[in-house]
Every structure is written in C-alpha cells, then in structure tokens.
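K.L.:
Structure file input-v7.tsv, TSV, C-alpha atoms and all ligand atoms, is pasted below:
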chain	number	residue	atom	x	y	z
A	1	MET	CA	-18.12	8.21	6.10
A	2	SER	CA	-18.64	5.62	8.84
A	3	GLN	CA	-18.31	7.91	11.84
A	4	GLN	CA	-19.72	5.64	14.54
A	5	PRO	CA	-18.27	2.37	15.87
A	6	SER	CA	-20.35	-0.66	14.95
A	7	THR	CA	-22.37	-2.23	17.76
A	8	THR	CA	-22.95	-5.48	15.87
A	9	PRO	CA	-20.47	-8.24	16.78
A	10	TYR	CA	-18.35	-9.55	13.93
A	11	PRO	CA	-20.07	-12.69	12.55
A	12	ILE	CA	-17.13	-15.00	13.29
A	13	GLY	CA	-15.80	-16.06	16.69
A	14	THR	CA	-16.66	-15.13	20.27
A	15	PRO	CA	-16.08	-11.53	21.39
A	16	GLY	CA	-13.02	-11.39	23.67
A	17	THR	CA	-11.61	-14.73	22.48
A	18	PRO	CA	-8.90	-14.79	19.78
A	19	TRP	CA	-9.60	-16.85	16.69
A	20	GLY	CA	-8.23	-20.34	16.28
A	21	ALA	CA	-7.88	-22.35	13.09
A	22	ASP	CA	-11.64	-22.99	12.79
A	23	GLU	CA	-12.52	-19.30	12.88
A	24	LYS	CA	-9.81	-18.48	10.32
A	25	THR	CA	-11.21	-21.21	8.05
A	26	ALA	CA	-14.70	-19.77	8.49
A	27	TRP	CA	-13.39	-16.29	7.65
A	28	LEU	CA	-11.60	-17.56	4.53
A	29	ALA	CA	-14.77	-19.30	3.31
A	30	ARG	CA	-16.47	-15.89	3.16
A	31	GLN	CA	-13.79	-14.42	0.86
A	32	GLN	CA	-14.39	-14.86	-2.86
A	33	PRO	CA	-12.80	-13.38	-5.99
A	34	ARG	CA	-14.59	-10.23	-7.12
A	35	ARG	CA	-12.23	-8.96	-9.81
A	36	SER	CA	-9.36	-10.23	-11.93
A	37	TYR	CA	-5.67	-9.64	-11.17
A	38	ALA	CA	-4.80	-11.11	-14.58
A	39	ALA	CA	-7.08	-8.72	-16.45
A	40	GLU	CA	-6.67	-5.55	-14.40
A	41	VAL	CA	-2.99	-5.74	-13.39
A	42	VAL	CA	-1.02	-8.30	-15.40
A	43	ALA	CA	-2.54	-7.54	-18.82
A	44	PRO	CA	-1.76	-3.79	-18.68
A	45	LEU	CA	1.78	-4.59	-17.53
A	46	GLU	CA	2.28	-7.01	-20.40
A	47	SER	CA	0.85	-4.73	-23.08
A	48	GLY	CA	1.51	-1.14	-22.07
A	49	LEU	CA	5.02	-0.82	-20.72
A	50	PRO	CA	7.21	2.14	-21.71
A	51	ALA	CA	10.47	1.21	-23.43
A	52	HIS	CA	12.79	2.19	-20.58
A	53	VAL	CA	11.53	-0.57	-18.24
A	54	GLU	CA	11.20	-4.35	-18.31
A	55	LEU	CA	8.69	-6.66	-16.68
A	56	PHE	CA	9.85	-9.66	-14.66
A	57	ARG	CA	8.45	-12.23	-12.25
A	58	TYR	CA	9.84	-12.15	-8.74
A	59	GLY	CA	8.00	-15.16	-7.38
A	60	VAL	CA	4.75	-17.05	-7.14
A	61	LEU	CA	2.26	-16.63	-4.34
A	62	ASP	CA	1.08	-20.20	-3.76
A	63	TYR	CA	-2.20	-20.71	-1.90
A	64	GLU	CA	-2.98	-24.15	-3.33
A	65	ARG	CA	-2.85	-25.59	0.21
A	66	LEU	CA	-5.93	-23.48	0.96
A	67	GLY	CA	-7.58	-24.09	-2.40
A	68	ARG	CA	-6.96	-20.48	-3.40
A	69	GLY	CA	-4.66	-20.88	-6.38
A	70	ARG	CA	-1.29	-19.53	-7.45
A	71	PHE	CA	-0.51	-15.94	-8.38
A	72	PRO	CA	2.60	-14.96	-10.37
A	73	LEU	CA	4.14	-11.84	-8.84
A	74	TYR	CA	5.31	-9.14	-11.25
A	75	ALA	CA	7.66	-6.21	-10.90
A	76	VAL	CA	9.08	-3.63	-13.30
A	77	ARG	CA	12.63	-2.30	-13.36
A	78	SER	CA	14.79	0.03	-15.39
A	79	ARG	CA	16.36	-1.74	-18.37
A	80	ARG	CA	19.58	0.17	-17.78
A	81	TRP	CA	20.48	-0.09	-14.10
A	82	GLU	CA	23.36	2.35	-13.55
A	83	ALA	CA	25.40	2.30	-10.35
A	84	ASP	CA	25.61	6.10	-10.15
A	85	ARG	CA	21.85	6.68	-10.24
A	86	PRO	CA	19.56	6.84	-7.20
A	87	VAL	CA	17.27	3.86	-6.68
A	88	VAL	CA	13.53	4.55	-6.49
A	89	LEU	CA	11.23	1.85	-5.10
A	90	VAL	CA	7.48	2.13	-5.65
A	91	THR	CA	5.20	-0.42	-3.98
A	92	GLY	CA	1.44	-0.81	-4.41
A	93	GLY	CA	-1.21	-3.28	-3.40
A	94	VAL	CA	0.35	-4.40	-0.14
A	95	HIS	CA	-3.28	-4.04	0.84
A	96	GLY	CA	-4.90	-5.54	-2.23
A	97	TYR	CA	-8.26	-3.83	-1.72
A	98	GLU	CA	-6.68	-0.36	-1.94
A	99	THR	CA	-7.30	-0.06	-5.66
A	100	SER	CA	-5.70	3.28	-6.45
A	101	GLY	CA	-2.44	2.08	-4.93
A	102	VAL	CA	-2.24	-0.48	-7.73
A	103	GLN	CA	-3.89	1.44	-10.55
A	104	GLY	CA	-2.15	4.72	-9.66
A	105	ALA	CA	1.21	2.98	-9.88
A	106	LEU	CA	0.34	1.55	-13.29
A	107	GLN	CA	-0.89	4.94	-14.48
A	108	TRP	CA	2.28	6.74	-13.39
A	109	LEU	CA	4.40	4.04	-15.00
A	110	ALA	CA	2.61	4.30	-18.34
A	111	ARG	CA	2.18	8.07	-18.52
A	112	ASP	CA	4.93	9.73	-16.49
A	113	SER	CA	7.86	7.45	-15.72
A	114	ALA	CA	9.71	7.89	-19.03
A	115	ARG	CA	10.73	11.41	-18.16
A	116	HIS	CA	12.95	9.94	-15.42
A	117	ALA	CA	14.40	7.16	-17.60
A	118	ASP	CA	17.92	8.60	-17.54
A	119	GLY	CA	17.80	9.90	-13.98
A	120	ILE	CA	16.89	7.00	-11.71
A	121	ASN	CA	16.96	3.26	-11.33
A	122	LEU	CA	13.30	2.30	-10.94
A	123	LEU	CA	11.98	-0.79	-9.18
A	124	MET	CA	8.20	-1.04	-8.96
A	125	LEU	CA	6.15	-3.80	-7.31
A	126	PRO	CA	2.67	-2.62	-8.25
A	127	CYS	CA	0.54	-5.36	-6.67
A	128	ILE	CA	2.22	-7.15	-3.76
A	129	SER	CA	-1.00	-8.89	-2.63
A	130	PRO	CA	-2.82	-10.19	-5.74
A	131	TRP	CA	-5.17	-12.48	-3.78
A	132	GLY	CA	-6.16	-9.43	-1.74
A	133	TYR	CA	-6.65	-7.47	-4.97
A	134	GLU	CA	-9.02	-10.13	-6.33
A	135	THR	CA	-11.02	-10.60	-3.12
A	136	ILE	CA	-10.87	-6.88	-2.15
A	137	ASN	CA	-9.13	-7.79	1.08
A	138	ARG	CA	-6.76	-6.32	3.64
A	139	TRP	CA	-5.47	-9.71	4.79
A	140	ASN	CA	-3.96	-12.67	3.02
A	141	PRO	CA	-5.72	-16.10	3.09
A	142	ASP	CA	-4.02	-16.90	6.42
A	143	ALA	CA	-5.83	-13.92	7.98
A	144	LEU	CA	-2.55	-11.99	8.23
A	145	ASP	CA	-2.12	-8.33	7.32
A	146	PRO	CA	0.96	-8.30	5.02
A	147	ASN	CA	1.60	-4.72	6.07
A	148	ARG	CA	2.54	-5.84	9.57
A	149	GLN	CA	4.81	-8.64	8.33
A	150	PHE	CA	7.77	-6.86	6.70
A	151	LYS	CA	10.28	-8.47	9.06
A	152	ALA	CA	12.77	-11.33	9.21
A	153	GLN	CA	11.25	-14.82	8.84
A	154	SER	CA	8.01	-13.21	7.77
A	155	PRO	CA	5.02	-15.58	7.91
A	156	ALA	CA	3.39	-13.63	5.03
A	157	ALA	CA	4.70	-14.73	1.63
A	158	GLU	CA	3.56	-11.42	0.11
A	159	SER	CA	5.96	-9.54	2.38
A	160	ALA	CA	8.80	-12.08	2.28
A	161	LEU	CA	8.85	-12.26	-1.53
A	162	ALA	CA	8.73	-8.46	-1.88
A	163	MET	CA	11.63	-8.06	0.53
A	164	ALA	CA	13.62	-10.71	-1.36
A	165	CYS	CA	12.96	-8.91	-4.65
A	166	VAL	CA	14.27	-5.61	-3.25
A	167	ALA	CA	17.31	-7.35	-1.74
A	168	ALA	CA	18.09	-9.02	-5.08
A	169	HIS	CA	18.49	-5.55	-6.62
A	170	GLY	CA	21.38	-4.69	-4.36
A	171	GLY	CA	19.43	-3.61	-1.31
A	172	ARG	CA	20.20	0.08	-1.87
A	173	VAL	CA	17.06	2.23	-2.02
A	174	ASP	CA	17.16	6.04	-1.89
A	175	LEU	CA	13.44	6.76	-2.16
A	176	HIS	CA	10.51	4.50	-1.29
A	177	VAL	CA	6.89	5.46	-2.00
A	178	ASP	CA	4.34	2.94	-0.68
A	179	LEU	CA	0.84	3.48	-2.08
A	180	HIS	CA	-2.25	2.94	0.10
A	181	GLU	CA	-5.82	4.03	0.76
A	182	THR	CA	-7.85	4.63	3.91
A	183	THR	CA	-11.41	3.48	3.24
A	184	ASP	CA	-14.79	3.30	4.95
A	185	THR	CA	-14.43	-0.50	4.97
A	186	ASP	CA	-11.51	-0.07	7.40
A	187	ASN	CA	-14.16	0.73	10.01
A	188	SER	CA	-17.06	-1.36	8.71
A	189	GLU	CA	-15.20	-4.61	7.95
A	190	PHE	CA	-11.44	-4.77	8.44
A	191	GLY	CA	-11.25	-3.11	11.87
A	192	PRO	CA	-14.04	-5.31	13.29
A	193	ALA	CA	-12.44	-8.41	11.73
A	194	LYS	CA	-9.06	-7.59	13.30
A	195	ALA	CA	-10.62	-7.01	16.72
A	196	ALA	CA	-12.52	-10.31	16.43
A	197	ARG	CA	-9.41	-12.20	15.26
A	198	ASP	CA	-7.35	-10.89	18.17
A	199	GLY	CA	-10.11	-11.11	20.79
A	200	VAL	CA	-9.88	-7.41	21.64
A	201	ALA	CA	-12.03	-4.28	21.34
A	202	GLN	CA	-11.83	-2.43	18.02
A	203	ASP	CA	-9.32	0.42	17.95
A	204	TRP	CA	-11.83	2.73	16.28
A	205	HIS	CA	-10.98	6.07	14.67
A	206	ALA	CA	-13.04	8.25	12.38
A	207	ILE	CA	-11.97	7.94	8.73
A	208	PRO	CA	-10.67	11.30	7.55
A	209	ASP	CA	-12.09	12.77	4.34
A	210	GLY	CA	-9.08	13.44	2.19
A	211	PHE	CA	-5.53	12.52	1.30
A	212	TYR	CA	-2.76	12.24	3.87
A	213	LEU	CA	0.77	10.88	4.15
A	214	VAL	CA	2.41	8.67	6.74
A	215	GLY	CA	6.09	9.43	7.30
A	216	ASP	CA	8.51	7.33	9.32
A	217	THR	CA	9.11	8.34	12.94
A	218	GLU	CA	12.79	7.34	12.53
A	219	ARG	CA	13.35	9.51	9.42
A	220	PRO	CA	10.46	11.96	9.12
A	221	VAL	CA	12.09	14.39	6.57
A	222	PRO	CA	9.37	17.06	6.98
A	223	ASP	CA	10.53	19.14	3.96
A	224	PHE	CA	10.08	16.10	1.75
A	225	GLN	CA	6.61	15.30	3.08
A	226	ARG	CA	5.58	18.96	2.72
A	227	ALA	CA	6.62	19.03	-0.94
A	228	LEU	CA	4.45	15.99	-1.65
A	229	ILE	CA	1.40	17.42	0.13
A	230	GLU	CA	1.73	20.66	-1.84
A	231	ALA	CA	1.85	18.68	-5.10
A	232	VAL	CA	-1.14	16.49	-4.22
A	233	ARG	CA	-3.17	19.49	-3.02
A	234	LYS	CA	-3.39	20.56	-6.69
A	235	VAL	CA	-5.05	17.20	-7.51
A	236	THR	CA	-7.30	16.35	-4.55
A	237	HIS	CA	-8.21	17.65	-1.10
A	238	ILE	CA	-6.00	17.04	1.93
A	239	ALA	CA	-7.44	15.49	5.12
A	240	GLU	CA	-8.06	17.76	8.09
A	241	PRO	CA	-7.17	16.63	11.63
A	242	ASP	CA	-9.96	15.77	14.07
A	243	GLU	CA	-10.83	17.81	17.15
A	244	HIS	CA	-7.87	16.23	18.98
A	245	GLY	CA	-5.42	17.33	16.29
A	246	CYS	CA	-5.08	13.75	15.05
A	247	ILE	CA	-5.60	11.66	11.93
A	248	ILE	CA	-6.65	8.05	12.73
A	249	GLY	CA	-5.46	8.59	16.30
A	250	GLU	CA	-1.97	9.87	15.44
A	251	PRO	CA	-0.95	13.48	16.11
A	252	LEU	CA	-0.59	15.63	13.03
A	253	GLN	CA	3.06	16.54	12.29
A	254	GLN	CA	2.19	19.19	9.70
A	255	PRO	CA	-0.79	19.61	7.37
A	256	GLY	CA	-1.67	16.20	5.93
A	257	VAL	CA	1.17	14.28	7.58
A	258	ILE	CA	1.35	11.81	10.47
A	259	ASN	CA	4.24	9.48	11.35
A	260	TYR	CA	4.44	5.79	12.24
A	261	ALA	CA	7.41	3.77	13.53
A	262	LYS	CA	7.49	1.78	10.30
A	263	ARG	CA	10.26	-0.68	11.04
A	264	ALA	CA	8.99	-1.56	14.51
A	265	LEU	CA	5.48	-2.13	13.13
A	266	GLY	CA	6.69	-4.35	10.26
A	267	LEU	CA	5.31	-1.94	7.67
A	268	CYS	CA	6.28	-2.08	4.00
A	269	GLY	CA	7.65	1.47	4.31
A	270	GLY	CA	10.17	0.23	6.88
A	271	MET	CA	11.74	-2.49	4.73
A	272	THR	CA	14.52	-0.35	3.24
A	273	GLY	CA	17.11	2.06	4.54
A	274	ALA	CA	15.94	4.77	2.12
A	275	SER	CA	16.52	8.36	3.23
A	276	PHE	CA	13.16	9.40	1.78
A	277	VAL	CA	10.14	7.28	2.69
A	278	THR	CA	6.45	8.02	2.54
A	279	THR	CA	3.17	6.13	2.55
A	280	THR	CA	0.19	7.60	0.71
A	281	GLU	CA	-3.32	7.34	2.10
A	282	VAL	CA	-5.95	8.19	-0.51
A	283	TYR	CA	-9.61	8.34	0.55
A	284	PRO	CA	-11.65	6.87	-2.31
A	285	ASP	CA	-15.03	7.01	-0.55
A	286	SER	CA	-15.22	10.79	-0.44
A	287	PRO	CA	-18.28	12.23	-2.21
A	288	SER	CA	-15.96	14.79	-3.78
A	289	THR	CA	-13.48	12.44	-5.44
A	290	SER	CA	-13.44	9.79	-8.20
A	291	PRO	CA	-11.34	6.73	-9.06
A	292	ALA	CA	-9.49	8.82	-11.66
A	293	GLU	CA	-8.71	11.54	-9.12
A	294	CYS	CA	-7.47	8.93	-6.63
A	295	ASN	CA	-5.13	7.49	-9.26
A	296	ASP	CA	-3.96	11.01	-10.10
A	297	ALA	CA	-3.18	11.66	-6.42
A	298	GLN	CA	-1.04	8.51	-6.25
A	299	ALA	CA	0.77	9.43	-9.46
A	300	ALA	CA	1.30	13.02	-8.29
A	301	THR	CA	2.92	11.75	-5.10
A	302	ILE	CA	5.37	9.52	-7.00
A	303	GLU	CA	6.19	12.34	-9.39
A	304	ALA	CA	6.75	14.90	-6.62
A	305	ALA	CA	8.83	12.46	-4.58
A	306	ILE	CA	11.17	11.76	-7.50
A	307	ALA	CA	11.41	15.48	-8.28
A	308	PHE	CA	12.40	16.13	-4.64
A	309	LEU	CA	14.97	13.32	-4.71
A	310	ARG	CA	16.54	14.59	-7.91
A	311	ARG	CA	16.84	18.11	-6.44
A	312	ALA	CA	18.22	16.86	-3.10
B	401	ZN	ZN	-3.15	0.12	3.25
What is this file in structure tokens?
P.N.:
Amino acid sequence: MSQQPSTTPYPIGTPGTPWGADEKTAWLARQQPRRSYAAEVVAPLESGLPAHVELFRYGVLDYERLGRGRFPLYAVRSRRWEADRPVVLVTGGVHGYETSGVQGALQWLARDSARHADGINLLMLPCISPWGYETINRWNPDALDPNRQFKAQSPAAESALAMACVAAHGGRVDLHVDLHETTDTDNSEFGPAKAARDGVAQDWHAIPDGFYLVGDTERPVPDFQRALIEAVRKVTHIAEPDEHGCIIGEPLQQPGVINYAKRALGLCGGMTGASFVTTTEVYPDSPSTSPAECNDAQAATIEAAIAFLRRA
C-alpha cells in the first residue's frame, strides 16, 4: 500500500498552476497502449456469449484527432426484452485501468448470467473506456475522468455514448451495478496527475486494503448494500475504516459501505433513476488477493444484487 503522500512533484506542469493545452499534450504523449482491448474484451464477447444475450455496438469512440485511433463500443443485452421484467444495468471499465471491473463483468456474463435469463432484462456495458483499458488509464485522451462526466452535454464521449445507449433501451433501470477498483496507482499516479492538472494540492487518502461499496447519498438503500457486502465477504476481505472511521475520506455508513452524491458528482452510478444502485471498489494490490479473486468479488456483487432485486 502507498500510505504516504508523494513529495515528488508530478513531472508535467508547474505546481499550483492548472494545465493548459501544452501540458495535456505532454501528458498524452506519455500514455501508450499496454494491452489489447480487441484481444482481452472484444474477442471473448464475440466468442463466448451465452445464448440468452446478444452483442451489439452502441457507438465508436473516435480519437483520430489525437492520433489515438477508433474503438468500437460493445454492449450486451437480453435477446428477449420483456416489458414486465426488471431492467438490470451492469457497467464496467468506466475507469479503463480497473481491470476486474471489465473482466469480472465478462466472467459473470459467461458463467452466471444464464440463471437469470427469464427473470430480468439485462443491459451490460462491460468496457466503457477502451482507450483507458489499453493504456491502463483513469482519464480519457483529453485528460478527463469519464466518471465525473455523466451529465448533460458531457465533454467525455465515453460517458455521453454510454448514457445514450441506456436511454435507447427505454431509460428505465431498476438496478445498476457499476464495477470499479481502488488501486495503489490512485495515490502514486492518478491523484498526483489530477492535482497537477487542476493546479491544486493532492486530496490524499490512504488506500484501504479490501473490498468496499459506494452507495448513493440520494438513495442509500442500506439493506441492499448490506446484502452485497455479506455475499462478497465469502469471496474476499472487506475494507476496514481508518482511525477516523472513514474510507478514502468518507464516513463509513455500515461495514464496507460509504456513500457519494452520485448525480451531483457526474458519476456513472448517478446516470439512471434506478432504485438500487451500487459501485464496487475492489482492491487488486492487496498481498492477500489475486486477479481471479477480484473477478470473483465483482461477479459475486452482481449476483447478490440481482438476487436482492428479484426478492424485493
Ligand atoms: Zn473507478
């Protein structure tokens, strides 16, 4: 764990001065592909889908203007979309570097989703930020965090295209599970980059060792969050609060749960009117976990959330 703030200035820009176009260009030049969206995300979707769902393209992320290519955006939906069934939205890879958010969604889809084929309408966007997936990045090439841009006239195409995809399916969502990770690089790279970009001091918090959930301040549904934590606890360890009773600076609501004002912050989890909303935060850098366990924790959350919805 990185449990001390860095004292080294971020290598781009002048401390205290927000970035302009030149600094953003310099930042982008440092970002290079390190893995393949086509091989690790698109290929499994094209070859391994269960029969009850279909794959479709909901847009193209076009970064040709920055010399960064074009990425077809894929989603999966129930083949039979029935008006009397609840709608379940699963989103992953809003932060492309958060690997288990993408791979956990694909795993749940392949292994577990069929048992709900006749009970729900499923819409899954497993990798909202494919450029971020390839470059292991929190931001898009414009140095914007897509998970602060789920709002009208969004300047982030990742967010705008995802919102349009959800709207095109009628807009009704009953349950939304948004899959994320909290990583050591949040403190070593992405937090310092954000502070440098905005010309402010880093808002530093210790990274908790373990899984936690972020509910929505406007619709916290504590019974729902509790059921998910109890399910995930069987798969991986749950994060403990710090000495102030907080996780990443937010007061603990119950074991393993904090809340954010998702709509006001422009978070992915705030883009629907769903009654049941949660954001997972898996910690992949723990010495006592593994990539497989992180994927299992994501899948367990989706499974427990749908089970809760179908009982509700
Ligand atoms: Zn995230």
K.L.:
With distances taken over only C-alpha atoms, which residue among A:Pro291, A:Pro241, A:Gly199, A:Gly93 lies nearest A:Gly20?
P.N.:
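Closest to A:Gly20, using only C-alpha atoms: A:Gly199.
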K.L.:
I'd like a table as a Markdown table: residues in chain A with an atom no more than 6 Å from ligand ZN 401 (chain B), each row giving the shortest atom pair and its distance in Å to one decimal, all atoms listed in the file counted, sorted by chain and rising residue number.
P.N.:
| residue | atom | partner | partner_atom | distance |
| --- | --- | --- | --- | --- |
| A:His95 | CA | B:ZN401 | ZN | 4.8 |
| A:His180 | CA | B:ZN401 | ZN | 4.3 |
| A:Glu181 | CA | B:ZN401 | ZN | 5.3 |
K.L.:
Do you have the atom CA of A:Gly256-atom CA of A:Thr272 distance handy?
P.N.:
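Calculated distance between atom CA of A:Gly256 and atom CA of A:Thr272 is 23.3 Å.
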K.L.:
If you count only C-alpha atoms, which residues fall within 10 Å of A:Thr99, apart from same-chain ones fewer than 2 positions away, as a list in words?
P.N.:
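Skipping anything fewer than 2 positions along the chain leaves Gly92, Gly93, His95, Gly96, Tyr97, Gly101, Val102, Gln103, Gly104, Ala105, Cys127, Tyr133, Ile136, Leu179, His180, Glu181, Val282, Pro284, Pro291, Cys294 and Asn295 of chain A.
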K.L.:
Go through A:Ile258, A:Ala312, A:Ala143, A:Ala26 and flag the residue nearest A:Gly13, using all atoms listed in the file for the distances.
P.N.:
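Using all atoms listed in the file, the shortest distance to A:Gly13 belongs to A:Ala26.
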K.L.:
For A:Ile247, work out the shell of residues within 9 Å, counting all atoms listed in the file and skipping chain neighbours fewer than 4 positions away, then give it as a ChimeraX atom specification.
P.N.:
/A:205-208,212,239-242,251-252,256-258
K.L.:
In Å, with one decimal, what is the gap from atom CA of A:Pro220 to atom CA of A:Cys165?
P.N.:
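Computed distance, atom CA of A:Pro220 to atom CA of A:Cys165, equals 25.1 Å.
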K.L.:
Would you pick out the contacts of stretch 50-58 of chain A at 9 Å or less, using all atoms listed in the file, so that residues sharing its chain but fewer than 5 positions from it are not included, and give the list as an mmCIF file with C-alpha atoms, in the coordinates of the input?
P.N.:
data_model
loop_
_atom_site.group_PDB
_atom_site.id
_atom_site.type_symbol
_atom_site.label_atom_id
_atom_site.label_comp_id
_atom_site.auth_asym_id
_atom_site.auth_seq_id
_atom_site.Cartn_x
_atom_site.Cartn_y
_atom_site.Cartn_z
ATOM 1 C CA LEU A 45 1.780 -4.590 -17.530
ATOM 2 C CA PRO A 72 2.600 -14.960 -10.370
ATOM 3 C CA LEU A 73 4.140 -11.840 -8.840
ATOM 4 C CA TYR A 74 5.310 -9.140 -11.250
ATOM 5 C CA ALA A 75 7.660 -6.210 -10.900
ATOM 6 C CA VAL A 76 9.080 -3.630 -13.300
ATOM 7 C CA ARG A 77 12.630 -2.300 -13.360
ATOM 8 C CA SER A 78 14.790 0.030 -15.390
ATOM 9 C CA ARG A 79 16.360 -1.740 -18.370
ATOM 10 C CA ARG A 80 19.580 0.170 -17.780
ATOM 11 C CA LEU A 109 4.400 4.040 -15.000
ATOM 12 C CA ALA A 110 2.610 4.300 -18.340
ATOM 13 C CA ARG A 111 2.180 8.070 -18.520
ATOM 14 C CA SER A 113 7.860 7.450 -15.720
ATOM 15 C CA ALA A 114 9.710 7.890 -19.030
ATOM 16 C CA ALA A 117 14.400 7.160 -17.600
ATOM 17 C CA ASP A 118 17.920 8.600 -17.540
ATOM 18 C CA LEU A 122 13.300 2.300 -10.940
ATOM 19 C CA LEU A 161 8.850 -12.260 -1.530
ATOM 20 C CA ALA A 162 8.730 -8.460 -1.880
ATOM 21 C CA ALA A 164 13.620 -10.710 -1.360
ATOM 22 C CA CYS A 165 12.960 -8.910 -4.650
#
K.L.:
Neighbours of A:Val94 within 7 Å (all atoms listed in the file; same-chain residues fewer than 6 positions away dropped), as a list in words?
P.N.:
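After dropping sequence-adjacent residues, the list is Cys127, Ile128, Ser129, Pro146 and Asn147 of chain A.
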K.L.:
Using only C-alpha atoms, which residues sit within 7 Å of A:Tyr37 once same-chain residues fewer than 5 positions away are excluded, as a PyMOL selection string?
P.N.:
chain A and resi 42+130+133-134
